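Below is input-v9.txt, which holds compact mmCIF, C-alpha atoms and all ligand atoms.
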```
# COMPACT_ATOMS: atom_id res chain seq x y z
CA MET A 1 -20.68 3.66 2.59
CA SER A 2 -17.28 5.23 3.14
CA THR A 3 -16.35 8.63 1.82
CA LEU A 4 -12.94 9.83 0.84
CA THR A 5 -12.44 13.54 0.24
CA VAL A 6 -9.98 14.33 -2.51
CA GLN A 7 -8.37 17.71 -1.99
CA LEU A 8 -6.63 19.17 -5.02
CA GLY A 9 -5.51 22.75 -4.63
CA GLU A 10 -8.52 24.87 -3.62
CA ARG A 11 -11.05 22.29 -4.78
CA SER A 12 -12.22 19.13 -3.14
CA TYR A 13 -14.71 16.43 -4.05
CA PRO A 14 -16.06 13.29 -2.41
CA ILE A 15 -15.59 9.71 -3.56
CA HIS A 16 -18.38 7.65 -2.02
CA ILE A 17 -17.64 3.93 -2.00
CA GLY A 18 -20.14 1.30 -0.93
CA ARG A 19 -23.02 -0.97 -1.81
CA GLY A 20 -26.30 0.11 -3.38
CA LEU A 21 -25.11 3.59 -4.37
CA LEU A 22 -26.77 3.41 -7.80
CA HIS A 23 -30.06 3.39 -5.93
CA ARG A 24 -29.05 6.53 -4.05
CA ALA A 25 -27.59 8.46 -6.98
CA GLY A 26 -30.31 11.15 -7.10
CA GLU A 27 -30.04 11.88 -3.40
CA LEU A 28 -26.23 12.05 -3.55
CA LEU A 29 -26.24 14.34 -6.60
CA LYS A 30 -28.68 16.68 -4.87
CA GLU A 31 -26.55 16.68 -1.75
CA ARG A 32 -23.66 17.81 -3.92
CA GLY A 33 -25.70 20.65 -5.41
CA ILE A 34 -26.13 19.29 -8.95
CA ALA A 35 -28.92 21.41 -10.47
CA GLN A 36 -32.29 19.72 -11.05
CA LYS A 37 -33.57 22.17 -13.65
CA SER A 38 -30.86 21.36 -16.19
CA PRO A 39 -30.78 18.01 -18.00
CA LEU A 40 -28.11 15.46 -17.13
CA LEU A 41 -26.28 13.52 -19.84
CA ILE A 42 -25.43 9.93 -18.92
CA VAL A 43 -22.70 8.35 -21.05
CA SER A 44 -22.25 4.58 -20.85
CA ASP A 45 -21.17 1.63 -22.98
CA GLU A 46 -23.35 -1.20 -24.26
CA ASN A 47 -22.14 -3.76 -21.72
CA VAL A 48 -22.57 -1.54 -18.70
CA ALA A 49 -25.78 0.08 -19.94
CA GLY A 50 -27.36 -3.37 -20.31
CA PHE A 51 -26.87 -4.00 -16.61
CA TYR A 52 -27.19 -0.62 -14.93
CA LEU A 53 -28.46 2.23 -17.10
CA ALA A 54 -32.18 1.72 -16.46
CA THR A 55 -31.62 1.62 -12.68
CA LEU A 56 -29.63 4.84 -12.76
CA GLU A 57 -32.07 6.63 -15.06
CA SER A 58 -35.10 5.69 -13.00
CA ASN A 59 -33.42 6.64 -9.73
CA LEU A 60 -32.38 10.05 -11.07
CA GLN A 61 -35.81 10.68 -12.59
CA ALA A 62 -37.52 9.72 -9.34
CA SER A 63 -35.36 12.38 -7.66
CA GLY A 64 -36.59 15.02 -10.10
CA TYR A 65 -33.76 15.00 -12.64
CA LYS A 66 -34.24 15.05 -16.40
CA THR A 67 -31.84 12.66 -18.11
CA VAL A 68 -30.54 12.07 -21.62
CA SER A 69 -28.46 8.94 -22.25
CA PHE A 70 -25.87 8.13 -24.87
CA VAL A 71 -24.50 4.60 -25.16
CA VAL A 72 -21.23 3.92 -26.98
CA LYS A 73 -19.64 0.67 -28.17
CA PRO A 74 -17.47 -0.96 -25.49
CA GLY A 75 -13.72 -0.59 -25.82
CA GLU A 76 -10.91 1.81 -26.52
CA THR A 77 -12.19 2.67 -30.03
CA SER A 78 -14.90 4.79 -28.41
CA LYS A 79 -12.25 7.22 -27.14
CA SER A 80 -12.20 8.82 -30.60
CA LEU A 81 -12.90 12.23 -32.07
CA ALA A 82 -15.82 10.78 -34.01
CA VAL A 83 -17.53 9.39 -30.90
CA PHE A 84 -16.67 12.57 -28.98
CA GLU A 85 -18.57 14.55 -31.62
CA GLN A 86 -21.55 12.19 -31.36
CA VAL A 87 -21.70 12.69 -27.58
CA ILE A 88 -21.47 16.47 -27.97
CA THR A 89 -24.33 16.25 -30.48
CA ALA A 90 -26.37 14.30 -27.92
CA ALA A 91 -25.62 17.00 -25.35
CA ILE A 92 -26.78 19.80 -27.67
CA GLU A 93 -29.88 17.90 -28.79
CA GLY A 94 -30.65 17.00 -25.19
CA GLY A 95 -30.64 20.68 -24.26
CA LEU A 96 -27.76 20.57 -21.79
CA ASP A 97 -26.87 24.01 -20.48
CA ARG A 98 -24.07 25.49 -18.36
CA ASN A 99 -25.58 24.09 -15.16
CA SER A 100 -25.92 20.58 -16.51
CA ALA A 101 -23.69 17.70 -15.54
CA VAL A 102 -22.27 14.85 -17.60
CA ILE A 103 -22.31 11.47 -15.85
CA ALA A 104 -19.91 8.67 -16.78
CA LEU A 105 -21.42 5.27 -16.05
CA GLY A 106 -18.72 2.76 -16.92
CA GLY A 107 -15.04 1.97 -16.86
CA GLY A 108 -12.05 4.10 -17.73
CA VAL A 109 -13.00 4.39 -21.39
CA VAL A 110 -16.38 5.93 -20.64
CA GLY A 111 -14.84 8.00 -17.83
CA ASP A 112 -12.18 9.50 -20.09
CA LEU A 113 -14.62 10.17 -22.95
CA ALA A 114 -17.46 11.59 -20.84
CA GLY A 115 -14.98 13.59 -18.76
CA PHE A 116 -13.58 15.19 -21.90
CA VAL A 117 -17.09 16.02 -23.07
CA ALA A 118 -17.73 17.62 -19.66
CA ALA A 119 -14.47 19.57 -19.92
CA SER A 120 -15.26 20.92 -23.39
CA TYR A 121 -19.02 21.30 -23.69
CA MET A 122 -19.73 25.04 -23.33
CA ARG A 123 -16.14 25.37 -22.07
CA GLY A 124 -16.82 23.06 -19.17
CA VAL A 125 -19.77 21.67 -17.23
CA LYS A 126 -19.92 19.53 -14.12
CA PHE A 127 -18.73 15.94 -14.27
CA VAL A 128 -19.90 12.99 -12.16
CA GLN A 129 -18.19 9.62 -12.28
CA ILE A 130 -19.89 6.32 -11.57
CA PRO A 131 -17.01 3.88 -12.15
CA THR A 132 -17.98 0.27 -12.84
CA THR A 133 -14.53 -1.29 -13.14
CA ILE A 134 -11.84 -1.75 -10.51
CA LEU A 135 -9.33 -0.14 -12.85
CA ALA A 136 -11.41 3.04 -12.95
CA HIS A 137 -10.47 3.83 -9.32
CA ASP A 138 -7.26 5.00 -10.94
CA SER A 139 -9.03 7.30 -13.39
CA SER A 140 -11.44 8.69 -10.77
CA VAL A 141 -8.60 10.63 -9.15
CA GLY A 142 -6.31 13.07 -10.88
CA GLY A 143 -8.68 14.80 -13.26
CA LYS A 144 -7.14 13.52 -16.49
CA VAL A 145 -9.77 13.13 -19.18
CA GLY A 146 -9.36 12.68 -22.89
CA ILE A 147 -9.55 10.71 -26.09
CA ASN A 148 -7.16 9.09 -28.54
CA HIS A 149 -5.83 10.38 -31.84
CA PRO A 150 -5.30 7.76 -34.56
CA LEU A 151 -1.56 8.40 -34.19
CA ALA A 152 -1.32 8.33 -30.40
CA LYS A 153 -3.25 7.26 -27.30
CA ASN A 154 -4.64 9.89 -24.90
CA MET A 155 -3.24 12.66 -27.11
CA ILE A 156 -6.25 14.99 -26.83
CA GLY A 157 -7.47 15.88 -23.39
CA ALA A 158 -7.78 18.16 -20.41
CA PHE A 159 -7.63 18.28 -16.64
CA HIS A 160 -11.19 18.30 -15.35
CA GLN A 161 -11.97 17.18 -11.81
CA PRO A 162 -15.26 15.45 -11.08
CA GLU A 163 -17.86 17.03 -8.80
CA LEU A 164 -18.36 13.68 -7.19
CA VAL A 165 -17.57 10.00 -7.64
CA LEU A 166 -20.05 7.25 -6.77
CA TYR A 167 -18.40 3.86 -6.56
CA ASP A 168 -21.11 1.26 -6.19
CA VAL A 169 -19.21 -1.96 -5.49
CA ASP A 170 -22.32 -4.00 -6.37
CA THR A 171 -21.81 -3.05 -10.02
CA LEU A 172 -18.45 -4.84 -10.01
CA SER A 173 -20.20 -8.22 -9.65
CA THR A 174 -20.73 -8.47 -13.42
CA LEU A 175 -17.13 -7.70 -14.38
CA PRO A 176 -15.42 -10.49 -16.32
CA PRO A 177 -12.72 -12.19 -14.16
CA ARG A 178 -9.84 -10.98 -16.35
CA GLU A 179 -11.03 -7.40 -15.93
CA VAL A 180 -11.16 -7.95 -12.16
CA SER A 181 -7.52 -9.05 -12.03
CA ALA A 182 -6.43 -6.29 -14.42
CA GLY A 183 -8.04 -3.68 -12.17
CA LEU A 184 -6.40 -5.21 -9.11
CA ALA A 185 -3.02 -4.68 -10.83
CA GLU A 186 -3.50 -0.91 -10.57
CA MET A 187 -4.78 -1.31 -7.01
CA ILE A 188 -1.70 -3.18 -5.80
CA LYS A 189 0.50 -0.79 -7.80
CA HIS A 190 -0.64 1.94 -5.41
CA GLY A 191 0.70 -0.20 -2.56
CA LEU A 192 3.94 -1.03 -4.37
CA ILE A 193 4.78 2.63 -4.99
CA TRP A 194 3.72 4.14 -1.69
CA ASP A 195 2.51 1.86 1.06
CA ALA A 196 4.07 -1.53 1.79
CA ASP A 197 1.32 -2.41 4.28
CA PHE A 198 -1.33 -1.86 1.64
CA ALA A 199 0.55 -4.03 -0.90
CA GLN A 200 0.74 -6.79 1.73
CA TRP A 201 -2.95 -6.29 2.55
CA CYS A 202 -3.79 -6.87 -1.14
CA ARG A 203 -1.70 -10.05 -1.07
CA ASP A 204 -3.37 -11.26 2.13
CA HIS A 205 -6.87 -10.48 0.83
CA ALA A 206 -6.31 -11.67 -2.74
CA THR A 207 -8.96 -14.39 -2.42
CA ASP A 208 -11.56 -11.95 -1.08
CA LEU A 209 -10.73 -9.37 -3.73
CA LEU A 210 -10.96 -11.91 -6.56
CA ALA A 211 -14.28 -13.12 -5.14
CA LEU A 212 -15.48 -9.48 -5.18
CA ASP A 213 -16.15 -9.43 -1.46
CA ALA A 214 -17.78 -6.03 -0.86
CA THR A 215 -15.91 -5.24 2.37
CA ALA A 216 -12.53 -6.03 0.85
CA LEU A 217 -13.32 -4.06 -2.31
CA GLU A 218 -14.51 -1.07 -0.33
CA TYR A 219 -11.28 -0.95 1.64
CA GLY A 220 -9.02 -1.66 -1.33
CA LEU A 221 -10.65 0.93 -3.58
CA GLU A 222 -10.61 3.57 -0.87
CA LYS A 223 -6.97 2.93 -0.11
CA GLY A 224 -6.03 2.85 -3.81
CA CYS A 225 -7.85 6.14 -4.44
CA SER A 226 -6.31 7.73 -1.36
CA VAL A 227 -2.75 6.83 -2.39
CA LYS A 228 -3.36 8.25 -5.84
CA ALA A 229 -4.96 11.38 -4.32
CA GLU A 230 -1.99 11.87 -2.02
CA VAL A 231 0.52 11.57 -4.87
CA VAL A 232 -1.49 13.78 -7.23
CA SER A 233 -2.25 16.45 -4.65
CA ARG A 234 1.45 16.85 -3.98
CA ASP A 235 2.08 17.20 -7.67
CA GLU A 236 -0.99 18.18 -9.63
CA ARG A 237 0.78 18.98 -12.87
CA GLU A 238 2.86 15.91 -13.60
CA ASN A 239 6.46 16.30 -12.69
CA ASP A 240 8.64 13.98 -10.75
CA LEU A 241 6.39 12.73 -7.99
CA ARG A 242 3.39 11.96 -10.17
CA ALA A 243 5.69 9.96 -12.41
CA ILE A 244 5.86 7.21 -9.76
CA LEU A 245 2.29 6.31 -10.74
CA ASN A 246 3.83 4.93 -13.92
CA LEU A 247 5.43 1.97 -12.17
CA GLY A 248 5.42 -0.90 -14.67
CA HIS A 249 3.97 1.30 -17.41
CA THR A 250 7.05 1.83 -19.62
CA ILE A 251 7.37 -1.90 -20.24
CA GLY A 252 3.59 -2.34 -19.99
CA HIS A 253 2.82 0.20 -22.71
CA ALA A 254 5.44 -1.40 -24.98
CA ILE A 255 3.81 -4.82 -24.46
CA GLU A 256 0.40 -3.35 -25.29
CA ALA A 257 1.83 -1.63 -28.36
CA ILE A 258 3.39 -4.69 -29.94
CA ALA A 259 1.13 -7.53 -28.81
CA GLY A 260 -1.86 -8.37 -30.96
CA TYR A 261 -5.08 -6.55 -30.13
CA GLY A 262 -6.75 -8.08 -27.08
CA GLU A 263 -3.82 -10.31 -26.09
CA PHE A 264 -3.15 -8.28 -22.95
CA LEU A 265 -5.38 -6.06 -20.89
CA HIS A 266 -3.67 -2.92 -19.61
CA GLY A 267 -3.48 -4.29 -16.05
CA GLU A 268 -1.94 -7.55 -17.28
CA ALA A 269 0.70 -5.69 -19.28
CA ILE A 270 1.67 -3.47 -16.34
CA SER A 271 1.81 -6.51 -14.07
CA ILE A 272 4.60 -7.91 -16.26
CA GLY A 273 6.07 -4.41 -16.35
CA MET A 274 6.12 -4.24 -12.54
CA VAL A 275 8.08 -7.51 -12.40
CA GLY A 276 10.48 -6.00 -14.96
CA SER A 277 10.85 -2.92 -12.76
CA ALA A 278 11.64 -5.15 -9.77
CA LEU A 279 14.34 -6.91 -11.81
CA LEU A 280 15.78 -3.52 -12.67
CA GLY A 281 15.54 -2.50 -9.02
CA VAL A 282 17.66 -5.49 -8.04
CA LYS A 283 20.23 -4.62 -10.72
CA LEU A 284 20.40 -1.16 -9.18
CA GLY A 285 20.97 -2.46 -5.66
CA ALA A 286 17.66 -3.62 -4.15
CA ASP A 287 17.50 -6.87 -2.20
CA PRO A 288 17.13 -9.81 -4.63
CA SER A 289 14.05 -11.05 -2.71
CA LEU A 290 12.17 -8.08 -4.21
CA VAL A 291 11.57 -9.96 -7.46
CA ASP A 292 10.01 -13.06 -5.89
CA GLU A 293 7.98 -10.96 -3.47
CA THR A 294 6.59 -8.86 -6.33
CA LYS A 295 5.81 -11.95 -8.42
CA ASP A 296 4.08 -13.63 -5.50
CA MET A 297 1.88 -10.58 -4.87
CA LEU A 298 0.89 -10.27 -8.52
CA SER A 299 0.29 -13.95 -9.15
CA SER A 300 -1.92 -14.11 -6.04
CA LEU A 301 -4.20 -11.71 -7.96
CA ARG A 302 -4.08 -14.03 -11.00
CA LEU A 303 -1.89 -11.68 -12.97
CA PRO A 304 0.87 -12.67 -15.41
CA THR A 305 4.45 -12.20 -14.22
CA SER A 306 6.47 -13.19 -17.29
CA LEU A 307 6.65 -12.28 -20.94
CA PRO A 308 5.54 -14.80 -23.53
CA SER A 309 8.61 -15.67 -25.59
CA HIS A 310 6.98 -14.72 -28.90
CA LEU A 311 7.22 -11.04 -27.97
CA ASP A 312 10.39 -9.87 -29.66
CA THR A 313 12.91 -8.02 -27.47
CA ASP A 314 13.97 -5.57 -30.20
CA ARG A 315 10.40 -4.67 -31.01
CA LEU A 316 9.66 -4.09 -27.33
CA LEU A 317 12.72 -1.86 -26.99
CA ASP A 318 11.71 -0.04 -30.13
CA ALA A 319 8.22 0.57 -28.72
CA MET A 320 9.78 1.96 -25.54
CA MET A 321 11.89 4.38 -27.57
CA HIS A 322 8.66 5.81 -28.90
CA ASP A 323 7.27 6.24 -25.41
CA LYS A 324 7.31 9.81 -24.12
CA LYS A 325 9.70 8.83 -21.31
CA PHE A 326 12.52 8.07 -23.76
CA LYS A 327 15.25 10.62 -24.26
CA GLU A 328 18.46 10.24 -26.27
CA GLY A 329 19.53 6.62 -25.83
CA SER A 330 18.32 6.26 -22.26
CA ILE A 331 15.00 5.86 -20.54
CA THR A 332 13.45 7.27 -17.38
CA PHE A 333 12.14 4.45 -15.27
CA VAL A 334 10.23 4.06 -12.01
CA VAL A 335 12.46 1.70 -10.06
CA PRO A 336 11.41 -0.03 -6.82
CA ARG A 337 13.91 -0.02 -3.97
CA SER A 338 11.74 -2.25 -1.77
CA ILE A 339 8.03 -3.02 -1.57
CA GLY A 340 6.32 0.34 -1.02
CA HIS A 341 9.27 2.50 -2.06
CA VAL A 342 10.17 3.58 -5.57
CA GLU A 343 12.44 6.11 -7.16
CA VAL A 344 12.31 7.78 -10.56
CA VAL A 345 15.66 7.05 -12.20
CA LYS A 346 16.67 8.99 -15.29
CA ASP A 347 19.18 7.87 -17.90
CA ILE A 348 18.82 4.11 -17.60
CA SER A 349 20.73 2.71 -20.53
CA VAL A 350 18.94 0.63 -23.12
CA SER A 351 21.35 -2.29 -22.58
CA TYR A 352 20.07 -2.63 -19.00
CA ILE A 353 16.50 -2.75 -20.20
CA ARG A 354 17.41 -5.33 -22.83
CA ARG A 355 18.73 -7.64 -20.09
CA VAL A 356 15.61 -7.12 -18.00
CA ILE A 357 13.39 -8.05 -20.93
CA GLU A 358 15.40 -11.21 -21.59
CA GLN A 359 15.04 -12.15 -17.90
CA LEU A 360 11.30 -11.57 -18.04
CA LYS A 361 10.87 -14.29 -20.67
P1 LIG B 401 -13.17 -0.22 -20.05
O1 LIG B 401 -13.87 1.02 -19.69
O2 LIG B 401 -12.96 -0.51 -21.48
O3 LIG B 401 -13.91 -1.46 -19.38
C1 LIG B 401 -13.43 -2.77 -19.60
C2 LIG B 401 -14.50 -3.68 -20.15
O4 LIG B 401 -15.39 -4.04 -19.11
C3 LIG B 401 -15.38 -3.09 -21.24
O5 LIG B 401 -15.69 -4.08 -22.16
C4 LIG B 401 -16.64 -2.67 -20.50
O6 LIG B 401 -17.77 -2.66 -21.33
C5 LIG B 401 -16.73 -3.75 -19.46
N1 LIG B 401 -17.38 -3.36 -18.21
C6 LIG B 401 -17.15 -2.24 -17.50
N2 LIG B 401 -17.81 -2.29 -16.35
C7 LIG B 401 -18.49 -3.46 -16.34
C8 LIG B 401 -19.34 -4.08 -15.39
N3 LIG B 401 -19.57 -3.53 -14.21
N4 LIG B 401 -19.89 -5.26 -15.71
C9 LIG B 401 -19.60 -5.86 -16.90
N5 LIG B 401 -18.78 -5.33 -17.81
C10 LIG B 401 -18.23 -4.15 -17.52
O7 LIG B 401 -11.71 -0.30 -19.40
P2 LIG B 401 -11.05 0.13 -18.02
O8 LIG B 401 -10.03 -0.93 -17.79
O9 LIG B 401 -12.02 0.45 -16.95
O10 LIG B 401 -10.33 1.50 -18.40
C11 LIG B 401 -9.33 1.58 -19.37
C12 LIG B 401 -9.27 3.00 -19.86
O11 LIG B 401 -9.02 3.87 -18.77
C13 LIG B 401 -8.16 3.24 -20.86
O12 LIG B 401 -8.67 3.95 -21.96
C14 LIG B 401 -7.17 4.11 -20.11
O13 LIG B 401 -6.48 5.01 -20.95
C15 LIG B 401 -8.06 4.83 -19.14
N6 LIG B 401 -7.38 5.29 -17.93
C16 LIG B 401 -7.47 6.59 -17.60
C17 LIG B 401 -6.85 7.07 -16.46
C18 LIG B 401 -6.99 8.51 -16.10
O14 LIG B 401 -6.32 8.97 -15.18
N7 LIG B 401 -7.83 9.24 -16.76
C19 LIG B 401 -6.15 6.20 -15.63
C20 LIG B 401 -6.08 4.86 -15.97
C21 LIG B 401 -6.70 4.41 -17.12
ZN ZN B 402 -2.28 2.23 -15.81
```
As structure tokens, how would this structure be written, given the file I've shared?
Amino acid sequence: MSTLTVQLGERSYPIHIGRGLLHRAGELLKERGIAQKSPLLIVSDENVAGFYLATLESNLQASGYKTVSFVVKPGETSKSLAVFEQVITAAIEGGLDRNSAVIALGGGVVGDLAGFVAASYMRGVKFVQIPTTILAHDSSVGGKVGINHPLAKNMIGAFHQPELVLYDVDTLSTLPPREVSAGLAEMIKHGLIWDADFAQWCRDHATDLLALDATALEYGLEKGCSVKAEVVSRDERENDLRAILNLGHTIGHAIEAIAGYGEFLHGEAISIGMVGSALLGVKLGADPSLVDETKDMLSSLRLPTSLPSHLDTDRLLDAMMHDKKFKEGSITFVVPRSIGHVEVVKDISVSYIRRVIEQLK
């Protein structure tokens, strides 16, 4: 097991990463001072619960914890006000008090939902994350929790840091292969924005990562979390530095918005977006080899690097205009200068972006 300490302002919390941690959950919660007298609420989704909920419950109960579990449907639709209310109801009925903790056992969806319950229930109780997707390494750092409004994604939320994160890499063995690659897109993004050596390491260990080799995952997740922690701790409240975490996301979100439901996973969409950003980087002066290098890294992780031609350029541009990064005829973009170095560039004109999108096809 390796442990990374995330320091944000006055507070810090550990992210334990390793094998078999689900079987040590009770011990690790106790070590972190999570009260045994107050019930714990475990939130999970049907897929994850089928594999891991019983193991977690029995381990926690064997350590003297009382647990209540609430299982939601898999997928983004569970990040809703209606499901939020159901989880709060489960917390009240389960007798959770101010010393209780809410545990998220699942991917980013469960993490965001359970985290928001933890942030709001009785004005805030402790939150423990047990991420079961690779993508969720991204959501385990930074403290953003929340749900969607029918009119906009992630519109309702809070900042609520976890007490502790337990990343049991054994749980990743049941992830569908597309979810593995999509999670690796966010992992390599942390290299592309901050650490060229780490991006190259992901490229060199692509086969191990795709095969879910525990040693490679442990290193990659720790490094990904530590880059995010470094960026966030320098800029906890989202201004310029934190914006670099959005590499590939302006185009990626537009792809997600206009493509049919389920056509692209988030990680796949931002992979194409990161290639688009590299194309823009070259237009703004980066070495032309940046595009092929970026494509090579992403395709080694079995990620898409071009846009299917049926996605309409005007509709994509239109979706970007509705993104929060759009202001008066120009867009703010995270632009790579070289692998490992990016810059936030304001006022990029829409005609530039149009050319990038055409090149991506
Ligand atoms: P997810 O939670 O929907 O999980 C993806 C799919 O994999 C689901 O069907 C789930 O049931 C299944 N699954 C999860 N773990 C599994 C396992 N171990 N074995 C088998 N199946 C498993 O999606 P995600 O990609 O983890 O997260 C996406 C969400 O995260 C989005 O809602 C996004 O907004 C949010 N997010 C939040 C932050 C943040 O900072 N808070 C950052 C990035 C993403
Ligand atoms: Zn993302």
Could the residues of chain A that have an atom at most 10 Å from ligand ZN 402 (chain B) be listed as a tab-separated table, each with its closest atom pair and the distance in Å to one decimal, counting only C-alpha atoms and all ligand atoms and ordered by chain and ascending residue number?
```
residue	atom	partner	partner_atom	distance
A:Leu135	CA	B:ZN402	ZN	8.0
A:Ala136	CA	B:ZN402	ZN	9.6
A:Asp138	CA	B:ZN402	ZN	7.5
A:Ser139	CA	B:ZN402	ZN	8.8
A:Ala182	CA	B:ZN402	ZN	9.6
A:Gly183	CA	B:ZN402	ZN	9.0
A:Ala185	CA	B:ZN402	ZN	8.5
A:Glu186	CA	B:ZN402	ZN	6.2
A:Met187	CA	B:ZN402	ZN	9.8
A:Lys189	CA	B:ZN402	ZN	9.0
A:Leu245	CA	B:ZN402	ZN	8.0
A:Asn246	CA	B:ZN402	ZN	6.9
A:Leu247	CA	B:ZN402	ZN	8.5
A:Gly248	CA	B:ZN402	ZN	8.4
A:His249	CA	B:ZN402	ZN	6.5
A:Gly252	CA	B:ZN402	ZN	8.5
A:His253	CA	B:ZN402	ZN	8.8
A:His266	CA	B:ZN402	ZN	6.5
A:Gly267	CA	B:ZN402	ZN	6.6
A:Glu268	CA	B:ZN402	ZN	9.9
A:Ala269	CA	B:ZN402	ZN	9.1
A:Ile270	CA	B:ZN402	ZN	7.0
A:Ser271	CA	B:ZN402	ZN	9.8
```
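Take the candidates A:His137, A:Arg19, A:Lys66, A:Lys346 and check each one against Val165 of chain A using only C-alpha atoms; the shortest distance goes to A:His137.
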Give the centre and edge lengths of an axis-aligned box, in Å to one decimal, that holds all listed atoms of segment 87-98 of chain A with 3 Å on each side, as lines of an AutoDock Vina configuration file.
```
center_x = -26.1
center_y = 19.1
center_z = -24.4
size_x = 15.2
size_y = 18.8
size_z = 18.1
```
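Within the 12 Å cut-off around Gln61 of chain A, using only C-alpha atoms and omitting residues fewer than 4 positions from it on the same chain, the listed residues are His23, Arg24, Ala25, Gly26, Glu27, Leu29, Gln36, Lys37, Pro39, Leu40, Ala54, Thr55, Leu56, Glu57, Tyr65, Lys66, Thr67 and Val68 of chain A.
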A:Ala211, A:Ile348, A:Leu53, A:Ile258 ranked by distance to ligand LIG 401 (chain B), top pick (using all atoms listed in the file): A:Leu53
Using all atoms listed in the file, find each residue with an atom at most 6 Å away from ligand LIG 401 (chain B) and format the answer as a tab-separated table (two decimals) with C-alpha atoms, in the frame of the given file.
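Saved as result.tsv:
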```tsv
chain	number	residue	atom	x	y	z
A	45	ASP	CA	-21.17	1.63	-22.98
A	47	ASN	CA	-22.14	-3.76	-21.72
A	48	VAL	CA	-22.57	-1.54	-18.70
A	74	PRO	CA	-17.47	-0.96	-25.49
A	75	GLY	CA	-13.72	-0.59	-25.82
A	76	GLU	CA	-10.91	1.81	-26.52
A	106	GLY	CA	-18.72	2.76	-16.92
A	107	GLY	CA	-15.04	1.97	-16.86
A	108	GLY	CA	-12.05	4.10	-17.73
A	109	VAL	CA	-13.00	4.39	-21.39
A	110	VAL	CA	-16.38	5.93	-20.64
A	112	ASP	CA	-12.18	9.50	-20.09
A	132	THR	CA	-17.98	0.27	-12.84
A	133	THR	CA	-14.53	-1.29	-13.14
A	135	LEU	CA	-9.33	-0.14	-12.85
A	136	ALA	CA	-11.41	3.04	-12.95
A	138	ASP	CA	-7.26	5.00	-10.94
A	139	SER	CA	-9.03	7.30	-13.39
A	142	GLY	CA	-6.31	13.07	-10.88
A	144	LYS	CA	-7.14	13.52	-16.49
A	145	VAL	CA	-9.77	13.13	-19.18
A	171	THR	CA	-21.81	-3.05	-10.02
A	172	LEU	CA	-18.45	-4.84	-10.01
A	174	THR	CA	-20.73	-8.47	-13.42
A	175	LEU	CA	-17.13	-7.70	-14.38
```
Polymer residues at most 12 Å from Asp235 of chain A, only C-alpha atoms, same-chain spacing of 4 or more positions, as a VMD selection string: chain A and resid 7 to 9 142 228 to 231 239 to 245
Distance in Å - atom CA of Pro162 of chain A versus atom CA of Gln86 of chain A: 21.5 Å
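Comparing the minimum interatomic distances between Lys73 of chain A and each of A:Leu60, A:Ser309, A:Ser44, A:Thr250, counting all atoms listed in the file, we find that A:Ser44 sits nearest.
Neighbouring residues of Ser100 of chain A at 8 Å or closer, counting all atoms listed in the file and skipping chain neighbours under 5 positions away, are Ile34, Ala35, Ser38, Pro39, Leu40, Leu41, Val125 and Lys126 of chain A.
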